[in-house]
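**Q** Have a peek at query-v3.txt (compact mmCIF, C-alpha atoms).
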# COMPACT_ATOMS: atom_id res chain seq x y z
CA MET W 1 93.94 65.33 102.90
CA GLN W 2 94.39 65.19 99.14
CA PRO W 3 96.97 62.72 97.76
CA GLY W 4 100.37 64.38 97.68
CA PHE W 5 99.09 67.59 99.27
CA GLY W 6 102.40 68.03 101.09
CA GLY W 7 104.08 68.16 97.71
CA LEU W 8 101.72 70.93 96.63
CA LEU W 9 102.65 72.97 99.70
CA GLY W 10 106.33 72.36 98.98
CA ASP W 11 105.91 73.65 95.43
CA LEU W 12 104.05 76.71 96.62
CA HIS W 13 106.72 77.50 99.20
CA SER W 14 109.45 77.09 96.60
CA GLY W 15 107.57 79.46 94.33
CA LEU W 16 107.41 82.09 97.05
CA TYR W 17 110.84 81.69 98.64
CA LYS W 18 113.34 80.58 96.00
CA PRO W 19 114.86 83.17 93.66
CA ASP W 20 114.56 80.92 90.60
CA PRO W 21 112.23 77.94 91.19
CA HIS W 22 111.62 75.28 88.51
CA LEU W 23 108.82 72.75 88.12
CA VAL W 24 109.54 69.06 87.63
CA PRO W 25 108.94 68.07 83.99
CA GLU W 26 105.42 66.77 83.31
CA ALA W 27 106.71 63.35 82.36
CA GLU W 28 108.20 62.85 85.82
CA VAL W 29 105.00 63.77 87.68
CA PRO W 30 102.81 60.87 88.94
CA ALA W 31 99.49 60.79 87.09
CA GLU W 32 97.42 61.17 90.24
CA VAL W 33 98.98 64.55 91.07
CA GLY W 34 99.22 65.94 87.56
CA TRP W 35 96.44 68.41 88.36
CA GLN W 36 98.57 69.81 91.20
CA ARG W 37 101.43 70.54 88.86
CA ALA W 38 99.04 72.17 86.40
CA ALA W 39 97.59 74.37 89.18
CA VAL W 40 101.05 75.40 90.39
CA GLN W 41 102.27 76.17 86.89
CA ARG W 42 99.20 78.26 86.14
CA CYS W 43 99.64 80.09 89.44
CA TRP W 44 103.32 80.83 88.85
CA GLU W 45 102.55 82.33 85.44
CA THR W 46 100.21 85.05 86.80
CA LYS W 47 101.21 88.66 87.45
CA GLU W 48 99.65 88.41 90.93
CA TRP W 49 102.11 85.67 91.87
CA ALA W 50 104.99 87.72 90.48
CA GLN W 51 103.90 90.70 92.58
CA THR W 52 103.73 88.53 95.68
CA ARG W 53 107.22 87.17 95.03
CA GLU W 54 108.65 90.69 95.01
CA ALA W 55 108.14 90.72 98.78
CA SER W 56 108.44 87.04 99.67
CA VAL W 57 111.61 85.84 97.87
CA LEU W 58 114.26 84.91 100.47
CA ASP W 59 112.00 86.17 103.26
CA GLU W 60 111.40 83.22 105.56
CA VAL W 61 108.42 84.73 107.35
CA LEU W 62 106.49 86.15 104.38
CA SER W 63 107.06 83.07 102.22
CA ALA W 64 105.92 80.78 105.05
CA LEU W 65 102.82 82.87 105.74
CA GLY W 66 101.97 83.02 102.04
CA THR W 67 102.35 79.25 101.77
CA LEU W 68 100.13 78.60 104.79
CA ALA W 69 97.42 80.92 103.48
CA ALA W 70 97.64 79.40 100.00
CA GLY W 71 97.43 75.89 101.46
CA GLU W 72 94.33 76.76 103.49
CA ALA W 73 92.72 78.27 100.41
CA ALA W 74 93.61 75.20 98.36
CA LEU W 75 92.03 72.85 100.91
CA SER W 76 88.88 74.96 101.02
CA GLU W 77 88.63 75.00 97.22
CA LEU W 78 89.27 71.24 96.98
CA GLU W 79 86.57 70.53 99.58
CA LYS W 80 84.15 72.70 97.63
CA GLN W 81 84.99 70.83 94.44
CA ALA W 82 84.59 67.49 96.20
CA ASP W 83 81.06 68.45 97.28
CA ALA W 84 80.12 69.45 93.72
CA PRO W 85 78.72 66.92 91.22
CA PRO W 86 81.57 64.93 89.62
CA PRO W 87 82.71 66.33 86.26
CA ALA W 88 81.96 64.41 83.11
CA VAL W 89 84.80 62.09 82.17
CA PRO W 90 86.15 63.07 78.76
CA GLY W 91 85.93 60.22 76.29
CA ALA W 92 82.91 58.65 78.03
CA ALA W 93 79.65 57.91 76.20
CA GLY W 94 78.26 61.12 74.76
CA GLY W 95 81.52 62.96 75.51
CA SER W 96 84.54 63.86 73.50
CA THR W 97 88.12 62.95 74.17
CA GLN W 98 90.37 65.89 75.14
CA THR W 99 94.03 65.96 74.24
CA GLY W 100 96.94 68.13 75.19
CA GLU W 101 96.16 68.17 78.95
CA ALA W 102 98.61 67.15 81.66
CA PRO W 103 97.94 63.75 83.30
CA GLY W 104 95.14 64.03 85.82
CA VAL W 105 93.74 67.17 84.15
CA GLY W 106 90.63 66.56 82.10
CA GLN W 107 91.35 62.88 81.47
CA PRO W 108 91.84 59.81 83.68
CA ALA W 109 95.14 57.97 83.87
CA PRO W 110 95.61 54.23 84.37
CA GLY W 111 94.80 53.32 87.96
CA GLN W 112 93.55 56.82 88.77
CA ARG W 113 90.35 57.18 90.77
CA PRO W 114 87.65 59.31 89.07
CA GLY W 115 87.61 61.68 92.06
CA ASP W 116 91.34 62.41 91.67
CA GLN W 117 91.08 64.06 88.27
CA LYS W 118 90.38 67.76 87.77
CA THR W 119 88.89 69.56 84.84
CA PRO W 120 90.68 72.61 83.42
CA LYS W 121 88.01 74.80 85.02
CA GLN W 122 88.65 73.25 88.43
CA VAL W 123 92.40 73.72 88.00
CA ARG W 124 91.83 77.38 87.12
CA SER W 125 89.65 77.88 90.20
CA LEU W 126 92.23 76.19 92.41
CA SER W 127 95.06 78.27 90.97
CA ARG W 128 93.09 81.48 91.44
CA ALA W 129 92.28 80.64 95.07
CA ILE W 130 95.96 79.87 95.78
CA ARG W 131 97.42 82.99 94.19
CA ASP W 132 94.81 85.35 95.69
CA ALA W 133 95.23 83.95 99.22
CA ALA W 134 99.03 84.15 99.04
CA LYS W 135 98.98 87.70 97.74
CA GLN W 136 96.47 88.86 100.35
CA GLU W 137 98.41 87.29 103.22
CA VAL W 138 101.82 88.57 102.15
CA THR W 139 100.55 92.08 101.34
CA SER W 140 98.55 92.40 104.57
CA THR W 141 101.45 91.16 106.69
CA GLN W 142 103.91 93.46 104.93
CA GLN W 143 101.62 96.48 105.48
CA ALA W 144 100.98 95.58 109.12
CA MET W 145 104.68 95.18 109.87
CA ALA W 146 105.35 98.55 108.24
CA ALA W 147 102.58 100.20 110.29
CA TRP W 148 104.06 98.83 113.51
CA GLY W 149 107.63 99.59 112.49
CA ILE W 150 108.70 95.96 112.65
CA ALA W 151 111.45 95.11 110.18
CA ALA W 152 112.46 91.59 109.18
CA GLY W 153 115.75 92.08 111.01
CA ASP W 154 113.90 92.78 114.26
CA LEU W 155 112.62 89.20 114.25
CA GLN W 156 115.86 87.38 113.48
CA ARG W 157 116.70 86.51 117.08
CA LEU W 158 113.46 84.49 117.39
CA PRO W 159 112.99 80.92 116.16
CA LEU W 160 111.14 80.78 112.85
CA GLY W 161 107.97 79.40 114.43
CA GLN W 162 107.77 82.34 116.85
CA ARG W 163 108.50 84.80 114.05
CA ILE W 164 105.63 83.41 112.00
CA GLU W 165 103.24 83.42 114.95
CA LEU W 166 104.14 87.01 115.86
CA ALA W 167 103.62 88.16 112.27
CA ARG W 168 100.27 86.34 112.08
CA ARG W 169 99.13 88.15 115.20
CA LEU W 170 99.42 91.48 113.41
CA ILE W 171 96.70 90.60 110.90
CA ARG W 172 94.60 88.17 112.93
CA GLU W 173 94.39 89.68 116.40
CA PRO W 174 91.40 92.09 116.29
CA LYS W 175 92.92 94.60 118.69
CA LEU W 176 96.17 94.86 116.74
CA CYS W 177 94.23 95.20 113.49
CA ASP W 178 92.13 98.00 114.96
CA MET W 179 95.23 99.81 116.21
CA ALA W 180 97.34 99.46 113.06
CA GLU W 181 95.98 102.49 111.21
CA VAL W 182 96.33 104.86 114.17
CA VAL W 183 99.74 103.47 115.11
CA GLY W 184 100.98 103.88 111.55
CA ALA W 185 99.73 107.47 111.40
CA MET W 186 101.25 108.40 114.77
CA ARG W 187 104.58 106.79 113.87
CA ALA W 188 104.61 108.76 110.62
CA LEU W 189 103.90 111.94 112.58
CA GLY W 190 106.68 111.11 115.01
CA ALA W 191 109.06 110.45 112.12
CA GLY W 192 108.32 113.91 110.77
CA LEU W 193 108.95 115.55 114.14
CA HIS W 194 112.13 113.73 115.11
CA LEU W 195 114.39 116.12 113.20
CA ARG W 196 112.68 119.17 114.58
CA ARG W 197 115.04 121.52 116.40
CA VAL W 198 114.34 121.90 120.05
CA THR W 199 113.69 125.61 119.83
CA ALA W 200 111.81 127.39 117.09
CA LYS W 201 113.40 130.74 118.00
CA PRO W 202 115.87 132.21 115.49
CA ALA W 203 119.53 131.98 116.44
CA GLU W 204 120.68 134.99 118.42
CA VAL W 205 122.95 137.55 116.68
CA VAL W 206 126.00 138.08 118.89
CA GLY W 207 128.34 140.09 116.63
CA VAL W 208 129.99 140.53 113.23
CA THR W 209 132.60 138.27 111.68
CA PRO W 210 134.28 137.89 108.25
CA GLY W 211 133.33 134.90 106.12
CA ARG W 212 131.77 133.53 102.94
CA ASP W 213 128.17 132.71 104.01
CA VAL W 214 125.94 134.66 101.61
CA THR W 215 122.87 134.06 103.79
CA ARG W 216 124.38 136.11 106.69
CA LEU W 217 125.96 139.04 104.79
CA LEU W 218 125.57 142.52 106.28
CA PRO W 219 123.42 144.97 104.28
CA SER W 220 126.57 146.92 103.34
CA GLU W 221 128.14 143.82 101.76
CA LEU W 222 124.92 143.06 99.88
CA ALA W 223 124.94 146.65 98.58
CA LEU W 224 128.41 146.10 97.16
CA LEU W 225 127.29 142.98 95.31
CA ALA W 226 124.30 144.83 93.87
CA HIS W 227 126.26 147.95 92.79
CA PRO W 228 126.97 148.01 89.03
CA VAL W 229 130.48 149.48 89.55
CA LEU W 230 131.51 148.00 92.93
CA ARG W 231 130.18 144.47 92.28
CA TYR W 232 133.67 143.10 91.50
CA GLU W 233 134.98 144.31 94.87
CA GLY W 234 131.99 142.72 96.63
CA VAL W 235 132.62 139.39 94.90
CA ARG W 236 136.35 139.56 95.71
CA ARG W 237 135.61 140.18 99.41
CA LEU W 238 133.13 137.27 99.50
CA VAL W 239 135.48 134.81 97.74
CA SER W 240 138.45 135.79 99.91
CA GLY W 241 136.41 135.47 103.09
CA GLU W 242 136.74 139.16 103.94
CA ALA W 243 133.02 139.94 103.61
CA LEU W 244 131.40 140.92 106.89
CA MET W 245 128.44 138.89 108.13
CA TRP W 246 126.35 138.44 111.22
CA GLU W 247 127.72 136.02 113.81
CA LYS W 248 125.00 133.98 115.44
CA ALA W 249 125.03 131.84 118.55
CA ALA W 250 124.68 128.14 117.82
CA ARG W 251 121.36 126.61 118.80
CA GLU W 252 121.50 123.61 121.05
CA ARG W 253 119.71 120.44 120.15
CA ARG W 254 118.09 119.82 123.50
CA GLY W 255 115.21 117.65 124.58
CA ARG W 256 117.13 114.54 123.49
CA GLY W 257 116.85 112.68 126.78
CA PRO W 258 114.94 109.45 127.46
CA MET W 259 111.15 109.33 127.60
CA ILE W 260 108.91 107.62 130.14
CA VAL W 261 105.31 107.50 128.91
CA LEU W 262 102.50 106.61 131.31
CA CYS W 263 99.37 105.30 129.55
CA ASP W 264 96.01 105.26 131.31
CA THR W 265 94.07 102.03 130.58
CA SER W 266 91.20 102.55 132.99
CA GLY W 267 87.76 101.27 131.99
CA SER W 268 86.71 104.61 130.50
CA THR W 269 89.51 104.46 127.90
CA GLU W 270 88.36 101.15 126.41
CA GLY W 271 87.96 101.31 122.65
CA ARG W 272 88.95 104.31 120.56
CA GLN W 273 90.43 106.24 123.49
CA GLU W 274 92.90 103.48 124.34
CA VAL W 275 93.88 103.16 120.68
CA LEU W 276 94.70 106.88 120.53
CA ILE W 277 96.60 106.86 123.84
CA LYS W 278 98.71 103.90 122.74
CA GLY W 279 99.10 105.37 119.26
CA ILE W 280 100.53 108.62 120.64
CA ALA W 281 102.83 106.64 122.93
CA LEU W 282 104.11 104.65 119.96
CA GLY W 283 104.60 107.88 118.02
CA LEU W 284 106.87 108.97 120.87
CA LEU W 285 108.62 105.61 120.69
CA GLU W 286 109.27 106.27 117.00
CA ILE W 287 110.95 109.57 117.91
CA ALA W 288 113.01 107.76 120.56
CA ARG W 289 113.99 105.03 118.11
CA ARG W 290 115.16 107.49 115.47
CA GLN W 291 117.04 109.63 117.99
CA LYS W 292 118.39 106.63 119.94
CA ARG W 293 116.74 107.85 123.11
CA GLY W 294 115.71 105.51 125.89
CA PHE W 295 111.96 104.86 126.07
CA ALA W 296 109.80 103.19 128.69
CA GLY W 297 106.07 102.64 128.37
CA VAL W 298 104.07 102.17 131.56
CA VAL W 299 100.50 100.86 131.34
CA PHE W 300 98.39 101.57 134.43
CA SER W 301 94.88 101.65 135.85
CA SER W 302 93.85 101.09 139.49
CA ALA W 303 96.41 100.98 142.31
CA GLY W 304 98.67 97.99 141.78
CA GLU W 305 97.59 97.49 138.16
CA LEU W 306 100.75 98.42 136.34
CA GLN W 307 103.23 96.98 133.84
CA SER W 308 106.39 98.52 132.36
CA PHE W 309 107.94 97.89 128.95
CA GLU W 310 111.50 99.11 128.47
CA PHE W 311 113.17 100.03 125.17
CA PRO W 312 116.74 101.15 125.99
CA ALA W 313 118.17 103.55 123.37
CA GLY W 314 114.91 103.21 121.46
CA LYS W 315 115.65 99.60 120.47
CA VAL W 316 112.34 97.96 119.64
CA GLU W 317 111.79 94.32 120.51
CA PRO W 318 108.62 93.19 118.67
CA GLU W 319 107.34 91.08 121.56
CA ALA W 320 107.66 93.97 124.01
CA LEU W 321 106.13 96.33 121.46
CA LEU W 322 103.01 94.23 121.01
CA GLY W 323 102.83 93.57 124.75
CA PHE W 324 102.84 97.30 125.43
CA ALA W 325 100.22 97.89 122.73
CA THR W 326 97.79 95.20 123.90
CA THR W 327 98.05 95.36 127.70
CA PHE W 328 94.79 96.72 129.13
CA TYR W 329 93.39 96.66 132.67
CA GLY W 330 90.01 98.39 132.55
CA GLY W 331 89.91 99.35 136.25
CA GLY W 332 89.92 102.74 137.92
CA THR W 333 92.46 105.56 137.70
CA ASP W 334 95.45 105.85 140.02
CA TRP W 335 98.33 108.20 139.22
CA GLU W 336 100.57 107.53 142.21
CA SER W 337 101.65 104.03 141.13
CA PRO W 338 102.75 105.01 137.61
CA LEU W 339 104.44 108.20 138.83
CA ARG W 340 106.39 106.21 141.42
CA GLU W 341 107.34 103.79 138.66
CA ALA W 342 108.50 106.75 136.55
CA LEU W 343 110.73 107.91 139.41
CA ARG W 344 112.15 104.39 139.72
CA LEU W 345 112.84 104.15 135.99
CA GLN W 346 114.33 107.63 135.83
CA ALA W 347 116.94 106.60 138.39
CA LEU W 348 118.15 103.79 136.08
CA SER W 349 120.97 104.39 133.63
CA PRO W 350 118.98 103.94 130.37
CA PHE W 351 116.34 106.46 131.50
CA ARG W 352 118.31 108.90 133.63
CA GLN W 353 117.28 112.53 133.10
CA GLY W 354 114.25 111.32 131.16
CA ASP W 355 111.09 113.34 130.68
CA VAL W 356 107.74 111.91 131.83
CA VAL W 357 104.55 112.04 129.77
CA LEU W 358 101.29 111.19 131.55
CA ILE W 359 98.36 110.50 129.18
CA THR W 360 95.06 110.05 130.99
CA ASP W 361 91.34 110.63 130.54
CA GLY W 362 90.34 110.71 134.20
CA LEU W 363 91.15 112.44 137.43
CA CYS W 364 92.34 111.21 140.78
CA ALA W 365 93.65 112.81 143.94
CA LEU W 366 97.33 112.41 144.68
CA PRO W 367 98.09 112.12 148.43
CA ALA W 368 99.61 115.30 149.76
CA ALA W 369 102.68 113.43 151.04
CA PHE W 370 103.40 111.93 147.63
CA THR W 371 102.78 115.25 145.87
CA ALA W 372 105.42 116.87 148.07
CA GLU W 373 107.79 113.98 147.43
CA LEU W 374 107.22 114.24 143.68
CA MET W 375 107.83 117.99 143.60
CA ALA W 376 111.04 117.54 145.60
CA GLU W 377 112.28 114.82 143.23
CA LYS W 378 111.44 116.98 140.22
CA ALA W 379 113.55 119.82 141.59
CA LYS W 380 116.43 117.54 142.55
CA ARG W 381 116.52 115.65 139.25
CA ASP W 382 115.54 118.48 136.92
CA LEU W 383 112.62 116.27 135.95
CA ARG W 384 109.98 117.54 133.52
CA VAL W 385 106.44 116.11 133.45
CA LEU W 386 104.05 116.69 130.57
CA GLY W 387 100.42 115.96 131.42
CA VAL W 388 97.85 115.15 128.74
CA LEU W 389 94.22 115.16 129.84
CA SER W 390 91.68 114.04 127.29
CA GLN W 391 87.90 114.33 127.59
CA ALA W 392 88.11 118.12 127.84
CA GLY W 393 84.92 119.61 129.18
CA ALA W 394 84.37 116.71 131.56
CA HIS W 395 87.42 117.67 133.60
CA SER W 396 89.79 120.57 134.00
CA GLY W 397 93.56 120.25 134.17
CA ALA W 398 93.78 121.67 137.70
CA ALA W 399 94.50 118.25 139.23
CA LEU W 400 97.61 118.02 137.05
CA GLY W 401 99.20 120.95 138.85
CA PHE W 402 102.33 118.89 139.47
CA CYS W 403 103.03 118.91 135.70
CA ASP W 404 105.28 121.45 134.00
CA GLN W 405 102.97 121.55 130.99
CA VAL W 406 99.39 120.39 130.64
CA ILE W 407 97.55 119.72 127.40
CA VAL W 408 93.79 119.49 127.84
CA THR W 409 91.94 118.19 124.78
CA GLY W 410 88.69 116.64 123.74
CA ASP W 411 90.34 114.97 120.75
CA LEU W 412 93.65 113.20 121.22
CA ASN W 413 93.95 112.63 117.49
CA ALA W 414 93.73 116.36 116.76
CA ALA W 415 96.15 117.19 119.59
CA ALA W 416 98.73 114.57 118.59
CA THR W 417 101.11 117.04 116.94
CA GLU W 418 101.11 119.28 120.01
CA ILE W 419 101.68 116.30 122.31
CA LEU W 420 104.48 114.72 120.30
CA GLY W 421 106.06 118.09 119.61
CA GLY W 422 105.94 118.97 123.30
CA VAL W 423 108.51 116.30 124.03
CA VAL W 424 111.10 117.58 121.56
CA GLU W 425 110.62 121.29 122.19
CA ASP W 426 112.81 123.36 124.47
CA ARG W 427 111.97 123.32 128.14
Since I need it in another form, could you write the structure as structure tokens?

**A**
Amino acid sequence: MQPGFGGLLGDLHSGLYKPDPHLVPEAEVPAEVGWQRAAVQRCWETKEWAQTREASVLDEVLSALGTLAAGEAALSELEKQADAPPPAVPGAAGGSTQTGEAPGVGQPAPGQRPGDQKTPKQVRSLSRAIRDAAKQEVTSTQQAMAAWGIAAGDLQRLPLGQRIELARRLIREPKLCDMAEVVGAMRALGAGLHLRRVTAKPAEVVGVTPGRDVTRLLPSELALLAHPVLRYEGVRRLVSGEALMWEKAARERRGRGPMIVLCDTSGSTEGRQEVLIKGIALGLLEIARRQKRGFAGVVFSSAGELQSFEFPAGKVEPEALLGFATTFYGGGTDWESPLREALRLQALSPFRQGDVVLITDGLCALPAAFTAELMAEKAKRDLRVLGVLSQAGAHSGAALGFCDQVIVTGDLNAAATEILGGVVEDR
């Protein structure tokens, strides 16, 4: 550990967190750590540091992560410098005395060990390593949190240490890094679909009524407005609300109930297939979050391999979100267990009258007794089940006959719009 290294970390954290940080005057800095002050000052003066501060100021998590990354980079750079040949001491035989440098930078101070001093070049290298590491860490974390839909406010209930560890997972855990791009794309797709009306059919014309809506005027009223002589009468009728227009039935915004999404994590889905299945599920969660709909994600594989993650009213808890995203079994394929779990969840208040989405890449045989039970429950509860079967060509969708709609695809990514849209469309 370098002398006073804790002070260096403190300065770096102040530079990332405080709105208006100030360095201690040079005269008040001990000679042996003068190079640290010089490195911090040089770092603070760069545009890269200013860009990093735009995200990190008053953000406990980002400023802490940036400080940790900068500290690690500083230690690495200092170790590299320690292994290099010692720099020539200015003022020694054959050398020239430098002036104008801070204590400990380019010149020794009384009582200072030769190894404690740093040349201007070493200070520049240290400053560059610090600023680049901080910027990379803060930017990567910010992008990852955006991709996963995790806002700073979502973490506030956790102690700071847990918040930092959860944020670090997003950019250090290989599986989460691999999933981030797909998750971000599917969430963006879900965000675009969440306002979509449940039916694409035009509103039904049910009669004629007086009013002022130009977009629904009868052809006869439009003719008045276009007539060079009768235009004034047409305008008068429109302004007074006497103009006749079509009366249309209001369209309902349906399909706003909870969602229960069953995600196959059998061995054959490992890799890209699991990423797409989870990505689509999280796109549906984004729709639920924006529309304040209950959402439950069920991860399944062989019989008995099952875990549920509940998000009532679409409220996203980061720990549950990442748990849902990373849970994987890698066994066989059993549909009965997750479908029974869906029936259990659908009977609970947050998920009552919810639709079920089953995303799978394999086939299994449902017992006849359970199939009959499922069909009876569907009729009794007005339950809709959407089945998504990937790996088209290897299987047909016949085994998903208990579903109200089946999407068979060889490319989940290409079918994502159809799948996500199928949940918000009219029944």

**Q** Which one of W:Arg384, W:Lys121, W:Arg237, W:Arg168 sits closest to Val138 in chain W if you count all atoms listed in the file?

**A** W:Arg168

**Q** I want to know what sits within 10 Å of Glu242 in chain W, based on only C-alpha atoms, with residues of the same chain fewer than 3 positions away left out; could you give that as a count of residues only?

**A** 11

**Q** For the atom pair CA of Gln353 in chain W and CA of Ile407 in chain W, what is the interatomic distance in Å to one decimal place?

**A**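 Atom-to-atom, CA of Gln353 in chain W and CA of Ile407 in chain W are spaced 21.8 Å apart.
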
**Q** Pick out the residues sitting within 12 Å of Phe324 in chain W, and hand them over as a PyMOL selection string; count only C-alpha atoms, and ignore anything fewer than 5 positions along from it in its own chain.

**A** chain W and resi 176+261-263+265+274-275+277-279+281-282+285+295-300+306-311+316-319+329

**Q** Can you write just those residues out, C-alpha atoms, as a short mmCIF file (atom, residue, chain, number, x, y, z; two decimals), in the coordinates of the input?

**A**
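Now in out_16.cif:
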data_model
loop_
_atom_site.label_atom_id
_atom_site.label_comp_id
_atom_site.auth_asym_id
_atom_site.auth_seq_id
_atom_site.Cartn_x
_atom_site.Cartn_y
_atom_site.Cartn_z
CA LEU W 176 96.17 94.86 116.74
CA VAL W 261 105.31 107.50 128.91
CA LEU W 262 102.50 106.61 131.31
CA CYS W 263 99.37 105.30 129.55
CA THR W 265 94.07 102.03 130.58
CA GLU W 274 92.90 103.48 124.34
CA VAL W 275 93.88 103.16 120.68
CA ILE W 277 96.60 106.86 123.84
CA LYS W 278 98.71 103.90 122.74
CA GLY W 279 99.10 105.37 119.26
CA ALA W 281 102.83 106.64 122.93
CA LEU W 282 104.11 104.65 119.96
CA LEU W 285 108.62 105.61 120.69
CA PHE W 295 111.96 104.86 126.07
CA ALA W 296 109.80 103.19 128.69
CA GLY W 297 106.07 102.64 128.37
CA VAL W 298 104.07 102.17 131.56
CA VAL W 299 100.50 100.86 131.34
CA PHE W 300 98.39 101.57 134.43
CA LEU W 306 100.75 98.42 136.34
CA GLN W 307 103.23 96.98 133.84
CA SER W 308 106.39 98.52 132.36
CA PHE W 309 107.94 97.89 128.95
CA GLU W 310 111.50 99.11 128.47
CA PHE W 311 113.17 100.03 125.17
CA VAL W 316 112.34 97.96 119.64
CA GLU W 317 111.79 94.32 120.51
CA PRO W 318 108.62 93.19 118.67
CA GLU W 319 107.34 91.08 121.56
CA TYR W 329 93.39 96.66 132.67
#

**Q** For CA of Ser301 in chain W and CA of Thr417 in chain W, quote the distance in Å rounded to one decimal.

**A**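 Computed distance, CA of Ser301 in chain W to CA of Thr417 in chain W, equals 25.2 Å.
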